[in-house]
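Student: Got a file for you: final-v5.cif, mmCIF, C-alpha atoms.
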data_run
#
loop_
_atom_site.label_atom_id
_atom_site.label_comp_id
_atom_site.auth_asym_id
_atom_site.auth_seq_id
_atom_site.Cartn_x
_atom_site.Cartn_y
_atom_site.Cartn_z
CA MET P 1 -97.32 -39.34 0.46
CA VAL P 2 -97.30 -43.14 0.95
CA HIS P 3 -99.59 -45.04 3.25
CA ASP P 4 -97.64 -48.00 4.70
CA PRO P 5 -99.57 -50.58 6.68
CA THR P 6 -97.91 -50.98 10.09
CA VAL P 7 -98.57 -53.86 12.45
CA LYS P 8 -99.34 -52.56 15.95
CA LYS P 9 -100.51 -55.75 17.61
CA ILE P 10 -100.24 -59.50 17.01
CA VAL P 11 -101.70 -62.34 19.05
CA LEU P 12 -99.95 -65.68 18.48
CA ASP P 13 -100.63 -69.24 19.55
CA VAL P 14 -97.17 -70.55 20.51
CA LEU P 15 -95.93 -73.97 21.59
CA LYS P 16 -92.83 -73.89 23.79
CA PRO P 17 -90.77 -76.26 25.97
CA HIS P 18 -91.02 -75.68 29.76
CA GLN P 19 -87.75 -73.76 29.60
CA PRO P 20 -87.24 -70.84 29.20
CA SER P 21 -89.98 -69.91 31.64
CA ILE P 22 -92.81 -67.56 30.60
CA PRO P 23 -91.30 -64.48 32.35
CA GLU P 24 -87.92 -65.24 30.74
CA LEU P 25 -89.53 -65.67 27.30
CA ALA P 26 -91.48 -62.40 27.71
CA SER P 27 -88.31 -60.52 28.71
CA ARG P 28 -86.51 -61.86 25.65
CA LEU P 29 -89.37 -61.11 23.23
CA VAL P 30 -89.73 -57.53 24.41
CA ALA P 31 -86.10 -57.01 23.33
CA CYS P 32 -87.00 -57.94 19.71
CA HIS P 33 -87.07 -55.20 17.10
CA GLY P 34 -90.22 -53.07 17.07
CA VAL P 35 -91.73 -54.69 20.18
CA ASP P 36 -92.78 -52.42 23.06
CA HIS P 37 -95.09 -54.63 25.10
CA VAL P 38 -95.53 -58.39 25.53
CA ASN P 39 -98.34 -60.20 27.29
CA ILE P 40 -98.25 -63.99 27.67
CA THR P 41 -101.05 -66.21 28.93
CA LEU P 42 -100.64 -69.91 29.62
CA ALA P 43 -103.30 -71.88 27.76
CA GLU P 44 -102.28 -75.50 28.29
CA ILE P 45 -99.49 -77.46 29.91
CA ASP P 46 -98.19 -80.85 28.79
CA GLN P 47 -95.40 -83.24 29.85
CA ASN P 48 -92.79 -81.58 27.59
CA THR P 49 -94.48 -78.43 26.32
CA GLU P 50 -96.67 -75.43 27.14
CA SER P 51 -99.20 -73.77 24.84
CA ILE P 52 -99.22 -70.03 25.32
CA LYS P 53 -101.01 -66.99 23.90
CA VAL P 54 -98.51 -64.26 23.13
CA GLN P 55 -99.80 -60.74 22.60
CA VAL P 56 -97.20 -58.40 21.16
CA ASP P 57 -97.73 -54.64 20.85
CA GLY P 58 -95.30 -52.24 19.27
CA SER P 59 -94.73 -49.31 17.00
CA ASP P 60 -93.84 -51.53 14.03
CA VAL P 61 -94.03 -55.26 14.73
CA LYS P 62 -92.49 -57.47 12.03
CA LEU P 63 -93.88 -60.99 12.03
CA ASP P 64 -90.77 -62.51 10.42
CA GLY P 65 -88.47 -60.94 13.01
CA LEU P 66 -90.79 -62.05 15.78
CA ARG P 67 -90.89 -65.60 14.39
CA LYS P 68 -87.08 -65.68 14.35
CA CYS P 69 -86.93 -64.45 17.97
CA ILE P 70 -89.46 -67.08 19.07
CA GLU P 71 -87.74 -69.93 17.19
CA GLU P 72 -84.35 -68.98 18.59
CA LEU P 73 -85.87 -69.51 22.03
CA GLY P 74 -86.90 -73.02 21.02
CA ALA P 75 -90.61 -72.24 20.62
CA THR P 76 -92.80 -72.51 17.52
CA ILE P 77 -95.74 -70.44 16.23
CA HIS P 78 -98.87 -72.55 15.77
CA SER P 79 -101.09 -69.83 14.43
CA VAL P 80 -101.55 -66.09 14.12
CA ASP P 81 -104.81 -65.50 15.96
CA GLU P 82 -105.18 -61.75 15.79
CA VAL P 83 -103.51 -58.85 13.99
CA GLU P 84 -104.05 -55.12 14.32
CA VAL P 85 -102.71 -52.98 11.47
CA VAL P 86 -102.75 -49.19 11.17
CA ARG P 87 -101.99 -47.00 8.22
CA ARG P 88 -98.91 -44.90 8.69
CA THR P 89 -98.40 -41.96 6.38
CA THR P 90 -94.81 -41.31 5.37
CA GLN P 91 -93.33 -38.55 3.23
CA LYS P 92 -91.56 -39.88 0.11
CA MET Y 1 -67.48 -60.12 28.90
CA ARG Y 2 -70.51 -59.12 31.00
CA GLU Y 3 -72.83 -60.25 28.19
CA TYR Y 4 -70.94 -63.59 28.04
CA PHE Y 5 -71.47 -64.18 31.78
CA ARG Y 6 -75.13 -63.15 31.50
CA ARG Y 7 -75.62 -65.71 28.71
CA PHE Y 8 -73.65 -68.33 30.65
CA ARG Y 9 -75.90 -67.86 33.70
CA PHE Y 10 -79.00 -68.01 31.47
CA TYR Y 11 -77.80 -71.30 29.95
CA LEU Y 12 -77.11 -72.69 33.45
CA ARG Y 13 -80.68 -71.80 34.44
CA LEU Y 14 -82.15 -73.13 31.20
CA THR Y 15 -80.48 -76.53 31.42
CA GLY Y 16 -80.71 -76.92 35.21
CA VAL Y 17 -77.03 -77.96 35.21
CA ALA Y 18 -76.11 -75.93 38.33
CA PRO Y 19 -77.39 -78.44 40.96
CA ILE Y 20 -75.97 -81.35 38.91
CA SER Y 21 -72.52 -79.76 38.69
CA ARG Y 22 -72.69 -78.95 42.43
CA ARG Y 23 -73.27 -82.66 43.07
CA TYR Y 24 -70.39 -83.60 40.75
CA PHE Y 25 -68.16 -81.06 42.49
CA VAL Y 26 -68.84 -82.42 46.01
CA MET Y 27 -68.65 -86.07 44.96
CA ASN Y 28 -65.39 -85.68 43.05
CA LEU Y 29 -63.73 -83.35 45.52
CA PHE Y 30 -64.49 -86.04 48.12
CA ASP Y 31 -63.08 -88.72 45.78
CA GLY Y 32 -59.93 -86.68 45.13
CA ALA Y 33 -59.35 -85.99 48.84
CA MET Y 34 -59.88 -89.64 49.80
CA ALA Y 35 -57.63 -90.90 46.98
CA ALA Y 36 -54.91 -88.46 48.08
CA LEU Y 37 -55.35 -89.69 51.66
CA GLY Y 38 -54.85 -93.25 50.38
CA VAL Y 39 -51.67 -92.35 48.51
CA ILE Y 40 -50.17 -90.28 51.34
CA VAL Y 41 -51.00 -92.48 54.35
CA GLY Y 42 -50.35 -95.69 52.38
CA ALA Y 43 -46.89 -94.53 51.27
CA TRP Y 44 -45.99 -92.88 54.58
CA THR Y 45 -46.80 -95.90 56.74
CA SER Y 46 -45.19 -98.42 54.36
CA GLY Y 47 -41.67 -97.23 55.13
CA PRO Y 48 -39.20 -94.48 54.25
CA VAL Y 49 -40.60 -92.37 51.45
CA GLN Y 50 -39.24 -89.66 49.18
CA PRO Y 51 -41.46 -86.57 48.73
CA ARG Y 52 -40.80 -86.73 44.99
CA ILE Y 53 -42.58 -90.11 44.79
CA ILE Y 54 -45.67 -88.76 46.61
CA ILE Y 55 -45.74 -85.67 44.35
CA GLY Y 56 -45.39 -87.83 41.21
CA ALA Y 57 -48.04 -90.30 42.35
CA GLY Y 58 -50.39 -87.48 43.42
CA LEU Y 59 -50.05 -85.56 40.15
CA GLY Y 60 -50.45 -88.75 38.12
CA MET Y 61 -53.56 -89.62 40.08
CA SER Y 62 -54.96 -86.08 39.59
CA LEU Y 63 -54.40 -86.24 35.86
CA ALA Y 64 -55.95 -89.70 35.55
CA MET Y 65 -58.95 -88.72 37.69
CA GLY Y 66 -59.34 -85.50 35.68
CA ILE Y 67 -59.33 -87.26 32.32
CA SER Y 68 -61.61 -90.01 33.63
CA GLY Y 69 -64.00 -87.44 35.14
CA PHE Y 70 -64.14 -85.31 31.99
CA SER Y 71 -64.64 -88.13 29.51
CA GLY Y 72 -67.09 -90.09 31.68
CA THR Y 73 -69.26 -87.08 32.47
CA TYR Y 74 -69.10 -85.76 28.91
CA LEU Y 75 -70.38 -89.04 27.50
CA VAL Y 76 -73.08 -89.59 30.14
CA GLU Y 77 -74.34 -85.98 30.12
CA ARG Y 78 -74.33 -85.88 26.32
CA ALA Y 79 -76.36 -89.09 26.06
CA GLU Y 80 -78.93 -87.98 28.68
CA ARG Y 81 -79.30 -84.43 27.39
CA LEU Y 82 -79.45 -85.42 23.73
CA ARG Y 83 -82.21 -87.90 24.52
CA ARG Y 84 -84.16 -85.21 26.40
CA LEU Y 85 -83.66 -82.74 23.51
CA ARG Y 86 -84.98 -85.29 21.01
CA GLU Y 87 -88.07 -85.85 23.18
CA VAL Y 88 -88.82 -82.11 23.27
CA GLU Y 89 -88.11 -81.85 19.51
CA LYS Y 90 -90.65 -84.62 18.91
CA SER Y 91 -93.27 -82.76 20.96
CA LEU Y 92 -92.61 -79.45 19.20
CA LEU Y 93 -92.21 -80.99 15.72
CA MET Y 94 -89.13 -78.84 15.14
CA GLY Y 95 -85.34 -79.11 15.42
CA LEU Y 96 -83.76 -77.43 18.44
CA GLU Y 97 -80.05 -77.86 17.63
CA ASP Y 98 -79.71 -74.24 16.44
CA SER Y 99 -81.97 -72.76 19.12
CA ILE Y 100 -80.80 -71.66 22.56
CA HIS Y 101 -81.66 -75.19 23.75
CA GLY Y 102 -78.99 -76.74 21.52
CA LYS Y 103 -76.41 -74.10 22.49
CA ALA Y 104 -77.28 -74.35 26.19
CA MET Y 105 -77.10 -78.16 26.03
CA ARG Y 106 -73.59 -78.09 24.55
CA MET Y 107 -72.46 -75.58 27.17
CA ALA Y 108 -74.03 -77.60 30.00
CA ILE Y 109 -72.25 -80.79 28.90
CA LEU Y 110 -68.85 -79.05 28.79
CA TRP Y 111 -69.47 -77.28 32.10
CA ALA Y 112 -70.46 -80.49 33.94
CA ALA Y 113 -67.48 -82.38 32.44
CA THR Y 114 -65.05 -79.60 33.40
CA VAL Y 115 -66.34 -79.46 37.00
CA ASP Y 116 -66.07 -83.24 37.18
CA ALA Y 117 -62.49 -83.12 35.86
CA LEU Y 118 -61.17 -80.24 37.96
CA SER Y 119 -62.67 -81.01 41.36
CA PRO Y 120 -60.72 -84.25 42.15
CA ALA Y 121 -57.54 -82.69 40.75
CA LEU Y 122 -58.06 -79.61 42.95
CA ALA Y 123 -58.42 -81.75 46.10
CA ALA Y 124 -55.48 -84.00 45.26
CA ILE Y 125 -53.08 -81.20 44.30
CA THR Y 126 -53.96 -79.18 47.42
CA SER Y 127 -53.48 -82.28 49.57
CA ILE Y 128 -50.03 -83.14 48.26
CA SER Y 129 -48.77 -79.51 48.29
CA PRO Y 130 -46.87 -79.90 51.66
CA PHE Y 131 -44.70 -82.53 49.99
CA VAL Y 132 -43.45 -79.82 47.61
CA LEU Y 133 -42.10 -78.02 50.71
CA ALA Y 134 -40.60 -81.30 51.93
CA HIS Y 135 -39.02 -81.83 48.49
CA ARG Y 136 -37.44 -78.36 48.79
CA GLY Y 137 -36.11 -79.36 52.24
CA LEU Y 138 -38.17 -76.74 54.09
CA ILE Y 139 -40.03 -79.29 56.23
CA SER Y 140 -39.53 -82.99 57.04
CA VAL Y 141 -41.51 -85.81 55.37
CA ASP Y 142 -43.31 -86.53 58.65
CA GLN Y 143 -44.36 -82.88 58.94
CA ALA Y 144 -45.49 -82.88 55.28
CA ALA Y 145 -47.58 -86.02 55.84
CA THR Y 146 -49.16 -84.49 58.97
CA PHE Y 147 -49.97 -81.23 57.13
CA SER Y 148 -51.38 -83.18 54.18
CA ILE Y 149 -53.65 -85.24 56.41
CA LEU Y 150 -54.80 -82.05 58.15
CA ILE Y 151 -55.52 -80.41 54.76
CA ILE Y 152 -57.50 -83.46 53.65
CA LEU Y 153 -59.51 -83.53 56.89
CA THR Y 154 -60.18 -79.79 56.48
CA ILE Y 155 -61.39 -80.37 52.90
CA LEU Y 156 -63.67 -83.18 54.12
CA PHE Y 157 -65.04 -81.03 56.97
CA SER Y 158 -65.65 -78.11 54.55
CA LEU Y 159 -67.47 -80.46 52.18
CA GLY Y 160 -69.64 -81.61 55.07
CA VAL Y 161 -70.39 -77.98 55.97
CA PHE Y 162 -71.21 -77.24 52.34
CA THR Y 163 -73.58 -80.23 51.98
CA GLY Y 164 -75.12 -79.29 55.34
CA ARG Y 165 -75.84 -75.81 53.99
CA VAL Y 166 -77.35 -77.26 50.81
CA SER Y 167 -79.63 -79.61 52.78
CA ARG Y 168 -80.28 -76.90 55.44
CA GLU Y 169 -79.20 -79.24 58.22
CA LYS Y 170 -76.85 -78.49 61.12
CA VAL Y 171 -73.67 -77.58 59.28
CA ILE Y 172 -71.24 -78.51 62.07
CA LEU Y 173 -72.85 -81.93 62.50
CA SER Y 174 -72.69 -82.49 58.75
CA GLY Y 175 -69.02 -81.44 58.74
CA VAL Y 176 -68.17 -83.75 61.65
CA ARG Y 177 -69.95 -86.64 59.89
CA MET Y 178 -67.73 -86.18 56.83
CA LEU Y 179 -64.68 -85.78 59.08
CA ILE Y 180 -65.42 -89.13 60.79
CA VAL Y 181 -65.40 -90.85 57.37
CA GLY Y 182 -61.94 -89.36 56.73
CA VAL Y 183 -60.59 -90.30 60.17
CA ILE Y 184 -61.87 -93.90 59.87
CA THR Y 185 -60.29 -94.18 56.41
CA ALA Y 186 -56.98 -92.77 57.70
CA ILE Y 187 -56.97 -95.28 60.62
CA LEU Y 188 -57.72 -98.20 58.27
CA LEU Y 189 -54.99 -97.07 55.86
CA PHE Y 190 -52.58 -96.72 58.77
CA LEU Y 191 -53.37 -100.26 59.97
CA VAL Y 192 -53.06 -101.68 56.44
CA GLY Y 193 -49.72 -99.89 55.97
CA ARG Y 194 -48.38 -101.46 59.17
CA ILE Y 195 -49.10 -105.02 58.02
#
Please rewrite the model in this file as structure tokens.
Tutor:
Amino acid sequence: MVHDPTVKKIVLDVLKPHQPSIPELASRLVACHGVDHVNITLAEIDQNTESIKVQVDGSDVKLDGLRKCIEELGATIHSVDEVEVVRRTTQK
Amino acid sequence: MREYFRRFRFYLRLTGVAPISRRYFVMNLFDGAMAALGVIVGAWTSGPVQPRIIIGAGLGMSLAMGISGFSGTYLVERAERLRRLREVEKSLLMGLEDSIHGKAMRMAILWAATVDALSPALAAITSISPFVLAHRGLISVDQAATFSILIILTILFSLGVFTGRVSREKVILSGVRMLIVGVITAILLFLVGRI
């Protein structure tokens, strides 16, 4: 029996250009591996960029995969503000 | 194929190139139609003309306008979009060349340049098409010139209707306005050809 820590929820502070729009970005992020639910809140808006809070919930969220998805969309992670991890027991 | 079109439409939305290419399309279709009108009415009123000459001149003009449209738009769009990308990169403190922004930018430049290249050629080739029938001996040169002028005026009217729909004005009025420009040009060309 092995107890693997599994990330269930991450809240990120993300800086993005105005395009893609927030609904478009959310639709794209929810298609990333291990992501079941995405919630985005606009925090600040600038001439070229938008600061957003991205809450990602899933069965097994991988931060590296999520970072890749976000960077492919032309956005960048400023900070990881919140993480929720659960212990998942697997048979070995 | 479906995925390709989905991505293509996403890139169009992302770069906002759709309204720009619509503007290029109308402007250059108008240019192509007016240039064809110049060639056809100018040659027709100057004296006896062979259809082959009109076809050659029309195709040459289409090719030149196509190359000019593609290269001019490619260079201008590239400069503008690259500058905008660099500004956003500076704000984000990261490179965007490999992100969807870089890919969408490259697609948008090619799309705008292609629309700019094909639209005048489309108008010019359609306009001179009756002269192909005249070349084959199916209709006379006078008939070909009349059909060509009618095609050009129809293109101009359709463009007016299209721009009227875009601006949500009275479409018929917008079409007639464009038609008047064509008729005035044709009259002027006719008078110049008679000198």
Student: Taking the file as I've supplied it (selection: the PyMOL selection byres ((chain P) within 12 of (chain Y))), which residues are included? Please answer as a PyMOL selection string.
Tutor: chain P and resi 14-21+24-25+28+46-51+68-78
Student: Can you pull out every residue within 12 Å of Cys32 (chain P), counting all atoms listed in the file, but drop anything in the same chain fewer than 2 positions away, and send it as a list of chain:residue names?
Tutor: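 After dropping sequence-adjacent residues, the list is P:Leu25, P:Ala26, P:Ser27, P:Arg28, P:Leu29, P:Val30, P:Gly34, P:Val35, P:Asp36, P:His37, P:Val38, P:Val56, P:Asp57, P:Gly58, P:Ser59, P:Asp60, P:Val61, P:Lys62, P:Leu63, P:Asp64, P:Gly65, P:Leu66, P:Arg67, P:Lys68, P:Cys69, P:Ile70, P:Glu72, P:Leu73.
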Student: Within 12 Å of region 176-179 of chain Y, counting only C-alpha atoms, which residues show up once you throw out same-chain ones fewer than 5 positions away? Write them as JSON, numbers by chain, please.
Tutor: {"Y": [26, 27, 30, 33, 34, 149, 150, 151, 152, 153, 154, 155, 156, 157, 158, 159, 160, 161, 162, 163, 164, 169, 170, 171, 184, 185, 186]}
Student: Given the PyMOL selection byres ((chain Y and resi 57) around 12) and the file above, list the residues it selects as a ChimeraX atom specification.
Tutor: /Y:35-40,42-43,49-56,58-65,124-125,128,131
Student: Do you have the CA of Tyr24 (chain Y)-CA of Asp116 (chain Y) distance handy?
Tutor: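 Rounded to one decimal, the two atoms are 5.6 Å apart.
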Student: Expand the PyMOL selection byres ((chain Y and resi 144) around 10) into the individual residues it matches in the shown file, reporting them as an mmCIF file with C-alpha atoms, in the frame of the given file.
Tutor:
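File produced: result_37.cif:
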data_model
loop_
_atom_site.group_PDB
_atom_site.id
_atom_site.type_symbol
_atom_site.label_atom_id
_atom_site.label_comp_id
_atom_site.auth_asym_id
_atom_site.auth_seq_id
_atom_site.Cartn_x
_atom_site.Cartn_y
_atom_site.Cartn_z
ATOM 1 C CA ILE Y 40 -50.170 -90.280 51.340
ATOM 2 C CA PRO Y 51 -41.460 -86.570 48.730
ATOM 3 C CA SER Y 127 -53.480 -82.280 49.570
ATOM 4 C CA ILE Y 128 -50.030 -83.140 48.260
ATOM 5 C CA SER Y 129 -48.770 -79.510 48.290
ATOM 6 C CA PRO Y 130 -46.870 -79.900 51.660
ATOM 7 C CA PHE Y 131 -44.700 -82.530 49.990
ATOM 8 C CA VAL Y 132 -43.450 -79.820 47.610
ATOM 9 C CA LEU Y 133 -42.100 -78.020 50.710
ATOM 10 C CA ALA Y 134 -40.600 -81.300 51.930
ATOM 11 C CA HIS Y 135 -39.020 -81.830 48.490
ATOM 12 C CA LEU Y 138 -38.170 -76.740 54.090
ATOM 13 C CA ILE Y 139 -40.030 -79.290 56.230
ATOM 14 C CA SER Y 140 -39.530 -82.990 57.040
ATOM 15 C CA VAL Y 141 -41.510 -85.810 55.370
ATOM 16 C CA ASP Y 142 -43.310 -86.530 58.650
ATOM 17 C CA GLN Y 143 -44.360 -82.880 58.940
ATOM 18 C CA ALA Y 145 -47.580 -86.020 55.840
ATOM 19 C CA THR Y 146 -49.160 -84.490 58.970
ATOM 20 C CA PHE Y 147 -49.970 -81.230 57.130
ATOM 21 C CA SER Y 148 -51.380 -83.180 54.180
ATOM 22 C CA ILE Y 149 -53.650 -85.240 56.410
ATOM 23 C CA LEU Y 150 -54.800 -82.050 58.150
#
Student: Just to confirm, what's the straight-line distance from CA of Ser21 (chain Y) to CA of Val181 (chain Y) in Å (one decimal)?
Tutor: 22.9 Å
Student: Between CA of Thr41 (chain P) and CA of Arg86 (chain Y), what is the distance in Å, rounded to a tenth?
Tutor: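 Going from CA of Thr41 (chain P) over to CA of Arg86 (chain Y), I get 26.2 Å.
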Student: May I have the residues within 6 Å of region 52-54 of chain P as a list in words, using all atoms listed in the file and disregarding those fewer than 3 positions away in the same chain?
Tutor: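 Once the adjacent positions are removed, what remains is Val11, Leu12, Asp13, Val14, Asn39, Ile40, Thr41, Leu42 and Ala43 of chain P.
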Student: Using all atoms listed in the file, can you list as an NGL selection string the residues within 10 Å of (-104.1, -51.3, 13.6)?
Tutor: :P and (5-10 or 83-88)
Student: How would you write as an MDAnalysis selection string the residues that get within 9 Å of (-69.6, -83.0, 31.3) in the file's frame, counting all atoms listed in the file?
Tutor: chainID Y and resid 21 69:78 107:117
Student: Generate the coordinates of N, CA and C atoms for region 10-30 of chain P; report them as a PDB file, in the coordinates of the input.
Tutor:
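File written: rebuild_32.pdb
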ATOM      1  N   ILE P  10    -100.073 -58.121  17.511  1.00  0.00           N
ATOM      2  CA  ILE P  10    -100.240 -59.500  17.010  1.00  0.00           C
ATOM      3  C   ILE P  10    -100.519 -60.409  18.201  1.00  0.00           C
ATOM      4  N   VAL P  11    -101.474 -61.318  18.025  1.00  0.00           N
ATOM      5  CA  VAL P  11    -101.700 -62.340  19.050  1.00  0.00           C
ATOM      6  C   VAL P  11    -101.357 -63.692  18.408  1.00  0.00           C
ATOM      7  N   LEU P  12    -100.433 -64.417  19.037  1.00  0.00           N
ATOM      8  CA  LEU P  12     -99.950 -65.680  18.480  1.00  0.00           C
ATOM      9  C   LEU P  12    -100.267 -66.855  19.414  1.00  0.00           C
ATOM     10  N   ASP P  13    -100.506 -67.989  18.780  1.00  0.00           N
ATOM     11  CA  ASP P  13    -100.630 -69.240  19.550  1.00  0.00           C
ATOM     12  C   ASP P  13     -99.266 -69.922  19.426  1.00  0.00           C
ATOM     13  N   VAL P  14     -98.558 -70.056  20.533  1.00  0.00           N
ATOM     14  CA  VAL P  14     -97.170 -70.550  20.510  1.00  0.00           C
ATOM     15  C   VAL P  14     -97.033 -71.814  21.353  1.00  0.00           C
ATOM     16  N   LEU P  15     -96.249 -72.758  20.831  1.00  0.00           N
ATOM     17  CA  LEU P  15     -95.930 -73.970  21.590  1.00  0.00           C
ATOM     18  C   LEU P  15     -94.468 -73.881  22.002  1.00  0.00           C
ATOM     19  N   LYS P  16     -94.206 -74.034  23.287  1.00  0.00           N
ATOM     20  CA  LYS P  16     -92.830 -73.890  23.790  1.00  0.00           C
ATOM     21  C   LYS P  16     -92.469 -75.006  24.760  1.00  0.00           C
ATOM     22  N   PRO P  17     -91.167 -75.320  24.908  1.00  0.00           N
ATOM     23  CA  PRO P  17     -90.770 -76.260  25.970  1.00  0.00           C
ATOM     24  C   PRO P  17     -90.949 -75.567  27.338  1.00  0.00           C
ATOM     25  N   HIS P  18     -90.826 -76.303  28.436  1.00  0.00           N
ATOM     26  CA  HIS P  18     -91.020 -75.680  29.760  1.00  0.00           C
ATOM     27  C   HIS P  18     -89.984 -74.597  30.041  1.00  0.00           C
ATOM     28  N   GLN P  19     -88.809 -74.765  29.446  1.00  0.00           N
ATOM     29  CA  GLN P  19     -87.750 -73.760  29.600  1.00  0.00           C
ATOM     30  C   GLN P  19     -87.469 -73.119  28.245  1.00  0.00           C
ATOM     31  N   PRO P  20     -87.233 -71.837  28.138  1.00  0.00           N
ATOM     32  CA  PRO P  20     -87.240 -70.840  29.200  1.00  0.00           C
ATOM     33  C   PRO P  20     -88.641 -70.594  29.752  1.00  0.00           C
ATOM     34  N   SER P  21     -88.694 -70.137  30.989  1.00  0.00           N
ATOM     35  CA  SER P  21     -89.980 -69.910  31.640  1.00  0.00           C
ATOM     36  C   SER P  21     -90.720 -68.752  30.943  1.00  0.00           C
ATOM     37  N   ILE P  22     -92.012 -68.607  31.251  1.00  0.00           N
ATOM     38  CA  ILE P  22     -92.810 -67.560  30.600  1.00  0.00           C
ATOM     39  C   ILE P  22     -92.241 -66.155  30.881  1.00  0.00           C
ATOM     40  N   PRO P  23     -91.883 -65.815  32.139  1.00  0.00           N
ATOM     41  CA  PRO P  23     -91.300 -64.480  32.350  1.00  0.00           C
ATOM     42  C   PRO P  23     -89.995 -64.258  31.565  1.00  0.00           C
ATOM     43  N   GLU P  24     -89.189 -65.332  31.488  1.00  0.00           N
ATOM     44  CA  GLU P  24     -87.920 -65.240  30.740  1.00  0.00           C
ATOM     45  C   GLU P  24     -88.200 -65.020  29.248  1.00  0.00           C
ATOM     46  N   LEU P  25     -89.166 -65.779  28.729  1.00  0.00           N
ATOM     47  CA  LEU P  25     -89.530 -65.670  27.300  1.00  0.00           C
ATOM     48  C   LEU P  25     -90.051 -64.255  27.008  1.00  0.00           C
ATOM     49  N   ALA P  26     -90.918 -63.742  27.893  1.00  0.00           N
ATOM     50  CA  ALA P  26     -91.480 -62.400  27.710  1.00  0.00           C
ATOM     51  C   ALA P  26     -90.375 -61.348  27.703  1.00  0.00           C
ATOM     52  N   SER P  27     -89.420 -61.492  28.629  1.00  0.00           N
ATOM     53  CA  SER P  27     -88.310 -60.520  28.710  1.00  0.00           C
ATOM     54  C   SER P  27     -87.468 -60.550  27.441  1.00  0.00           C
ATOM     55  N   ARG P  28     -87.320 -61.743  26.864  1.00  0.00           N
ATOM     56  CA  ARG P  28     -86.510 -61.860  25.650  1.00  0.00           C
ATOM     57  C   ARG P  28     -87.267 -61.299  24.441  1.00  0.00           C
ATOM     58  N   LEU P  29     -88.598 -61.573  24.386  1.00  0.00           N
ATOM     59  CA  LEU P  29     -89.370 -61.110  23.230  1.00  0.00           C
ATOM     60  C   LEU P  29     -89.493 -59.591  23.195  1.00  0.00           C
ATOM     61  N   VAL P  30     -89.561 -58.982  24.376  1.00  0.00           N
ATOM     62  CA  VAL P  30     -89.730 -57.530  24.410  1.00  0.00           C
ATOM     63  C   VAL P  30     -88.461 -56.823  23.899  1.00  0.00           C
TER      64      VAL P  30
END
